[in-house]
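Text of data-v6.pdb, listed as PDB, C-alpha atoms, pLDDT in the B column:
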```pdb
ATOM      1  CA  MET A   1     108.351  87.681 105.787  1.00 51.00           C
ATOM      2  CA  SER A   2     105.668  90.047 104.590  1.00 81.00           C
ATOM      3  CA  LEU A   3     103.671  90.325 107.837  1.00 93.00           C
ATOM      4  CA  ASP A   4     104.863  90.639 111.418  1.00 93.00           C
ATOM      5  CA  VAL A   5     102.502  88.078 112.925  1.00 93.00           C
ATOM      6  CA  SER A   6     102.210  88.064 116.701  1.00 92.00           C
ATOM      7  CA  PRO A   7     102.347  84.723 118.491  1.00 93.00           C
ATOM      8  CA  ALA A   8      98.727  85.244 119.603  1.00 93.00           C
ATOM      9  CA  LEU A   9      97.520  85.823 116.048  1.00 93.00           C
ATOM     10  CA  LEU A  10      99.485  82.841 114.777  1.00 92.00           C
ATOM     11  CA  ALA A  11      97.947  80.678 117.520  1.00 93.00           C
ATOM     12  CA  GLN A  12      94.495  81.926 116.513  1.00 93.00           C
ATOM     13  CA  ALA A  13      95.189  80.942 112.896  1.00 94.00           C
ATOM     14  CA  GLU A  14      96.388  77.505 113.995  1.00 93.00           C
ATOM     15  CA  ARG A  15      93.134  76.971 115.938  1.00 94.00           C
ATOM     16  CA  GLY A  16      90.872  77.954 113.040  1.00 92.00           C
ATOM     17  CA  GLU A  17      89.396  81.135 111.642  1.00 87.00           C
ATOM     18  CA  VAL A  18      91.124  84.443 112.289  1.00 91.00           C
ATOM     19  CA  ASP A  19      89.312  87.564 113.445  1.00 93.00           C
ATOM     20  CA  GLU A  20      89.399  89.901 110.453  1.00 95.00           C
ATOM     21  CA  ALA A  21      89.951  92.989 112.603  1.00 96.00           C
ATOM     22  CA  ALA A  22      93.049  91.347 114.082  1.00 95.00           C
ATOM     23  CA  PHE A  23      94.274  90.462 110.597  1.00 96.00           C
ATOM     24  CA  VAL A  24      93.693  94.023 109.365  1.00 97.00           C
ATOM     25  CA  ASP A  25      95.594  95.361 112.385  1.00 97.00           C
ATOM     26  CA  CYS A  26      98.475  93.013 111.547  1.00 96.00           C
ATOM     27  CA  VAL A  27      98.508  94.359 107.977  1.00 97.00           C
ATOM     28  CA  ARG A  28      98.375  97.963 109.234  1.00 97.00           C
ATOM     29  CA  SER A  29     101.348  97.506 111.543  1.00 97.00           C
ATOM     30  CA  SER A  30     103.364  95.287 109.161  1.00 97.00           C
ATOM     31  CA  LEU A  31     102.919  97.311 105.979  1.00 97.00           C
ATOM     32  CA  PRO A  32     102.743 100.946 107.154  1.00 97.00           C
ATOM     33  CA  TYR A  33     103.628 102.531 103.817  1.00 96.00           C
ATOM     34  CA  ALA A  34     100.974 100.555 101.951  1.00 96.00           C
ATOM     35  CA  TRP A  35      98.439 101.220 104.712  1.00 97.00           C
ATOM     36  CA  GLU A  36      99.109 104.967 104.656  1.00 97.00           C
ATOM     37  CA  MET A  37      98.956 105.081 100.860  1.00 96.00           C
ATOM     38  CA  ILE A  38      95.580 103.352 100.745  1.00 97.00           C
ATOM     39  CA  SER A  39      94.230 105.296 103.738  1.00 98.00           C
ATOM     40  CA  SER A  40      95.160 108.614 102.161  1.00 97.00           C
ATOM     41  CA  LEU A  41      93.595 107.654  98.843  1.00 97.00           C
ATOM     42  CA  VAL A  42      90.375 106.608 100.591  1.00 98.00           C
ATOM     43  CA  ALA A  43      90.318 109.981 102.386  1.00 98.00           C
ATOM     44  CA  GLN A  44      91.008 111.791  99.111  1.00 97.00           C
ATOM     45  CA  LEU A  45      88.153 109.933  97.406  1.00 96.00           C
ATOM     46  CA  LYS A  46      85.766 110.877 100.229  1.00 95.00           C
ATOM     47  CA  VAL A  47      86.771 114.545 100.117  1.00 96.00           C
ATOM     48  CA  ASP A  48      87.076 115.005  96.346  1.00 94.00           C
ATOM     49  CA  GLY A  49      84.418 112.560  95.199  1.00 90.00           C
ATOM     50  CA  GLY A  50      84.683 111.392  91.627  1.00 90.00           C
ATOM     51  CA  ASP A  51      85.106 107.938  90.146  1.00 94.00           C
ATOM     52  CA  PHE A  52      88.444 107.134  91.818  1.00 95.00           C
ATOM     53  CA  ALA A  53      91.527 108.477  93.585  1.00 96.00           C
ATOM     54  CA  ASP A  54      95.008 107.313  92.639  1.00 94.00           C
ATOM     55  CA  ASN A  55      98.669 107.740  93.416  1.00 92.00           C
ATOM     56  CA  GLN A  56     101.169 108.312  90.626  1.00 85.00           C
ATOM     57  CA  THR A  57     104.245 109.042  92.734  1.00 88.00           C
ATOM     58  CA  PRO A  58     106.755 106.191  92.987  1.00 87.00           C
ATOM     59  CA  PRO A  59     107.479 104.930  96.516  1.00 90.00           C
ATOM     60  CA  PRO A  60     110.454 106.518  98.282  1.00 92.00           C
ATOM     61  CA  SER A  61     112.323 103.215  98.647  1.00 92.00           C
ATOM     62  CA  GLU A  62     112.394  99.593  97.563  1.00 90.00           C
ATOM     63  CA  GLN A  63     111.085  98.639 101.003  1.00 93.00           C
ATOM     64  CA  ALA A  64     108.021 100.840 100.464  1.00 93.00           C
ATOM     65  CA  ARG A  65     107.536  99.434  96.954  1.00 91.00           C
ATOM     66  CA  GLY A  66     107.720  95.931  98.407  1.00 91.00           C
ATOM     67  CA  GLN A  67     104.984  96.780 100.886  1.00 93.00           C
ATOM     68  CA  LEU A  68     102.656  97.842  98.082  1.00 93.00           C
ATOM     69  CA  LEU A  69     103.441  94.695  96.142  1.00 91.00           C
ATOM     70  CA  ARG A  70     102.789  92.459  99.148  1.00 93.00           C
ATOM     71  CA  ALA A  71      99.564  94.246 100.077  1.00 94.00           C
ATOM     72  CA  LEU A  72      98.070  94.190  96.611  1.00 92.00           C
ATOM     73  CA  ALA A  73      99.410  90.871  95.333  1.00 91.00           C
ATOM     74  CA  SER A  74      97.986  88.887  98.240  1.00 92.00           C
ATOM     75  CA  ASP A  75      94.321  87.999  97.773  1.00 92.00           C
ATOM     76  CA  ALA A  76      93.833  87.772 101.551  1.00 94.00           C
ATOM     77  CA  ILE A  77      95.458  91.139 102.296  1.00 95.00           C
ATOM     78  CA  ARG A  78      93.890  92.933  99.352  1.00 95.00           C
ATOM     79  CA  GLY A  79      90.447  91.542 100.167  1.00 95.00           C
ATOM     80  CA  ALA A  80      90.734  92.502 103.833  1.00 97.00           C
ATOM     81  CA  LEU A  81      91.803  96.038 102.888  1.00 97.00           C
ATOM     82  CA  GLN A  82      88.925  96.394 100.454  1.00 96.00           C
ATOM     83  CA  ARG A  83      86.411  95.225 103.063  1.00 97.00           C
ATOM     84  CA  HIS A  84      87.948  97.391 105.796  1.00 98.00           C
ATOM     85  CA  PHE A  85      87.943 100.581 103.736  1.00 98.00           C
ATOM     86  CA  GLY A  86      84.797  99.802 101.715  1.00 97.00           C
ATOM     87  CA  VAL A  87      86.486 100.315  98.349  1.00 97.00           C
ATOM     88  CA  ARG A  88      87.800  98.369  95.391  1.00 95.00           C
ATOM     89  CA  LEU A  89      91.546  98.543  94.799  1.00 95.00           C
ATOM     90  CA  ALA A  90      93.362  98.627  91.477  1.00 92.00           C
ATOM     91  CA  PHE A  91      97.113  98.530  90.922  1.00 88.00           C
ATOM     92  CA  GLN A  92      99.532  99.361  88.089  1.00 81.00           C
ATOM     93  CA  ASN A  93     103.314  99.633  87.749  1.00 72.00           C
ATOM     94  CA  CYS A  94     104.390  98.791  91.287  1.00 69.00           C
ATOM     95  CA  HIS A  95     103.167 102.138  92.590  1.00 72.00           C
ATOM     96  CA  ARG A  96     100.009 103.364  90.911  1.00 83.00           C
ATOM     97  CA  VAL A  97      97.380 102.381  93.435  1.00 91.00           C
ATOM     98  CA  ALA A  98      93.791 103.476  92.895  1.00 93.00           C
ATOM     99  CA  VAL A  99      90.714 103.245  95.071  1.00 94.00           C
ATOM    100  CA  PHE A 100      87.243 103.020  93.579  1.00 92.00           C
ATOM    101  CA  PRO A 101      83.973 103.335  95.485  1.00 93.00           C
ATOM    102  CA  LEU A 102      81.700 100.298  95.798  1.00 89.00           C
ATOM    103  CA  ASP A 103      79.300 101.791  93.296  1.00 86.00           C
ATOM    104  CA  PRO A 104      78.262 100.106  90.039  1.00 83.00           C
ATOM    105  CA  VAL A 105      78.276 103.551  88.412  1.00 84.00           C
ATOM    106  CA  VAL A 106      82.106 103.425  88.291  1.00 81.00           C
ATOM    107  CA  ASP A 107      82.352  99.845  86.972  1.00 81.00           C
ATOM    108  CA  GLU A 108      83.163 101.085  83.474  1.00 85.00           C
ATOM    109  CA  THR A 109      85.868 103.428  84.787  1.00 81.00           C
ATOM    110  CA  LEU A 110      87.384 100.591  86.818  1.00 72.00           C
ATOM    111  CA  ALA A 111      87.291  98.303  83.766  1.00 80.00           C
ATOM    112  CA  ARG A 112      89.114 100.956  81.709  1.00 81.00           C
ATOM    113  CA  PHE A 113      91.693 101.538  84.475  1.00 74.00           C
ATOM    114  CA  THR A 114      92.476  97.823  84.706  1.00 71.00           C
ATOM    115  CA  SER A 115      92.354  97.113  80.964  1.00 67.00           C
ATOM    116  CA  PRO A 116      95.365  95.846  79.002  1.00 71.00           C
ATOM    117  CA  ARG A 117      95.210  99.061  76.948  1.00 73.00           C
ATOM    118  CA  ASN A 118      95.577 101.314  79.975  1.00 67.00           C
ATOM    119  CA  GLN A 119      98.254  99.069  81.446  1.00 67.00           C
ATOM    120  CA  LEU A 120     100.268  99.531  78.258  1.00 69.00           C
ATOM    121  CA  LEU A 121      99.608 103.277  78.145  1.00 68.00           C
ATOM    122  CA  ASN A 122     100.829 103.591  81.736  1.00 67.00           C
ATOM    123  CA  GLN A 123     104.295 102.226  80.923  1.00 66.00           C
ATOM    124  CA  SER A 124     107.468 104.254  80.684  1.00 62.00           C
ATOM    125  CA  PRO A 125     111.168 103.374  80.478  1.00 61.00           C
ATOM    126  CA  GLU A 126     111.847 104.530  84.047  1.00 57.00           C
ATOM    127  CA  LEU A 127     109.247 102.097  85.388  1.00 51.00           C
ATOM    128  CA  ARG A 128     110.588  98.998  83.617  1.00 52.00           C
ATOM    129  CA  ASP A 129     112.494  97.722  86.666  1.00 54.00           C
ATOM    130  CA  CYS A 130     109.804  98.222  89.242  1.00 55.00           C
TER     131      CYS A 130
END
```
Show the structure stored in the file as structure tokens.
Amino acid sequence: MSLDVSPALLAQAERGEVDEAAFVDCVRSSLPYAWEMISSLVAQLKVDGGDFADNQTPPPSEQARGQLLRALASDAIRGALQRHFGVRLAFQNCHRVAVFPLDPVVDETLARFTSPRNQLLNQSPELRDC
């Protein structure tokens, strides 16, 4: 299971719409490595400025890698994280997470980062199994 859903949150979902803050808290507690990675990149972007902040260090374990995959492969989780942090997220190679500000000025940079060309240029033999 990718999220540790409390009985109360599950009951809320069964009754109808879920409070987004409760969902975000569930993500934070269930996927701590992914949460910390994204939080630190958001902080780095705020401090350093620029078009984006990214991580290029592979996760310390397969469990951590799995957290990133679950967080960024799920539309619901990814969308909630983007709304919570006020950023756009991009993802490459099972570990290269990037945060972009919600500013149309960086749209071209985001398009380049997520392009097939840059995906191919970001490959290496040691990342083939990730």
For atom CA of Val106 of chain A and atom CA of Asp54 of chain A, the interatomic separation in Å (one decimal):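 Between atom CA of Val106 of chain A and atom CA of Asp54 of chain A the gap works out to 14.2 Å.
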Matched chain/residue IDs from the PyMOL selection byres ((chain A and resi 110) around 9), as a PyMOL selection string: chain A and resi 51-52+88+90+100+106-109+111-115
Best match for closeness to Ala22 of chain A among A:Ala8, A:Val105, A:Val87, A:Ala76, counting all atoms listed in the file: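 Among the listed residues, A:Ala8 lies closest to Ala22 of chain A.
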For Gln92 of chain A, the nearest of the candidates A:Asn55, A:Gln63, A:Asp4, A:Gly79, counting only C-alpha atoms: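 Of A:Asn55, A:Gln63, A:Asp4, A:Gly79, the one nearest Gln92 of chain A is A:Asn55, counting only C-alpha atoms.
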Counting all atoms listed in the file, the option among A:Leu10, A:Leu69, A:Ala64, A:Ile38 closest to Leu89 of chain A: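 Closest residue, counting all atoms listed in the file: A:Ile38.
For segment 23-34 of chain A, the residues within 8 Å (counting all atoms listed in the file, excluding itself and residues fewer than 6 positions away along the chain) are Ser2, Leu3, Asp4, Val5, Leu9, Ala64, Gln67, Leu68, Ala71, Ile77, Ala80, Leu81 and His84 of chain A.
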Can you list, as a PDB file with C-alpha atoms, keeping the file's coordinate frame, the residues that the PyMOL selection byres ((chain A and resi 39-42) around 8) selects here?
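Wrote it out as out_11.pdb, contents follow:
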```pdb
ATOM      1  CA  TRP A  35      98.439 101.220 104.712  1.00 97.00           C
ATOM      2  CA  GLU A  36      99.109 104.967 104.656  1.00 97.00           C
ATOM      3  CA  MET A  37      98.956 105.081 100.860  1.00 96.00           C
ATOM      4  CA  ILE A  38      95.580 103.352 100.745  1.00 97.00           C
ATOM      5  CA  ALA A  43      90.318 109.981 102.386  1.00 98.00           C
ATOM      6  CA  GLN A  44      91.008 111.791  99.111  1.00 97.00           C
ATOM      7  CA  LEU A  45      88.153 109.933  97.406  1.00 96.00           C
ATOM      8  CA  LYS A  46      85.766 110.877 100.229  1.00 95.00           C
ATOM      9  CA  ALA A  53      91.527 108.477  93.585  1.00 96.00           C
ATOM     10  CA  ASP A  54      95.008 107.313  92.639  1.00 94.00           C
ATOM     11  CA  ASN A  55      98.669 107.740  93.416  1.00 92.00           C
ATOM     12  CA  PHE A  85      87.943 100.581 103.736  1.00 98.00           C
ATOM     13  CA  VAL A  87      86.486 100.315  98.349  1.00 97.00           C
ATOM     14  CA  ALA A  98      93.791 103.476  92.895  1.00 93.00           C
ATOM     15  CA  VAL A  99      90.714 103.245  95.071  1.00 94.00           C
TER      16      VAL A  99
END
```
Separation of atom CA of Gln56 of chain A from atom CA of Ser74 of chain A, in Å and rounded to one decimal: 21.1 Å
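Put simply, atom CA of Pro101 of chain A is 9.0 Å away from atom CA of Gly50 of chain A.
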When you write segment 72-108 of chain A out from the block above, keep C-alpha atoms and present the result as a tab-separated table (two decimals), in the first residue's frame, please.
```
chain	number	residue	atom	x	y	z
A	72	LEU	CA	5.01	11.62	-8.49
A	73	ALA	CA	3.26	8.89	-10.47
A	74	SER	CA	-0.08	9.44	-8.76
A	75	ASP	CA	-2.07	12.31	-10.26
A	76	ALA	CA	-3.92	12.84	-6.97
A	77	ILE	CA	-0.77	12.90	-4.83
A	78	ARG	CA	1.27	14.95	-7.28
A	79	GLY	CA	-1.55	17.46	-7.72
A	80	ALA	CA	-2.06	17.81	-3.97
A	81	LEU	CA	1.67	18.37	-3.45
A	82	GLN	CA	1.80	20.98	-6.19
A	83	ARG	CA	-1.17	22.85	-4.71
A	84	HIS	CA	0.17	22.57	-1.15
A	85	PHE	CA	3.64	23.87	-2.00
A	86	GLY	CA	2.55	26.25	-4.79
A	87	VAL	CA	4.95	24.79	-7.35
A	88	ARG	CA	4.98	22.61	-10.43
A	89	LEU	CA	6.82	19.29	-10.12
A	90	ALA	CA	8.89	17.54	-12.76
A	91	PHE	CA	10.48	14.10	-12.50
A	92	GLN	CA	13.22	12.16	-14.31
A	93	ASN	CA	15.05	8.87	-13.73
A	94	CYS	CA	13.38	7.72	-10.52
A	95	HIS	CA	15.20	10.35	-8.48
A	96	ARG	CA	15.65	13.64	-10.30
A	97	VAL	CA	12.82	15.69	-8.86
A	98	ALA	CA	12.55	19.36	-9.77
A	99	VAL	CA	10.31	22.13	-8.50
A	100	PHE	CA	9.36	25.06	-10.69
A	101	PRO	CA	7.61	28.23	-9.53
A	102	LEU	CA	4.06	28.94	-10.73
A	103	ASP	CA	5.35	31.63	-13.05
A	104	PRO	CA	4.81	31.65	-16.82
A	105	VAL	CA	8.33	33.07	-17.18
A	106	VAL	CA	9.76	29.58	-16.51
A	107	ASP	CA	7.38	27.71	-18.85
A	108	GLU	CA	10.09	27.36	-21.49
```
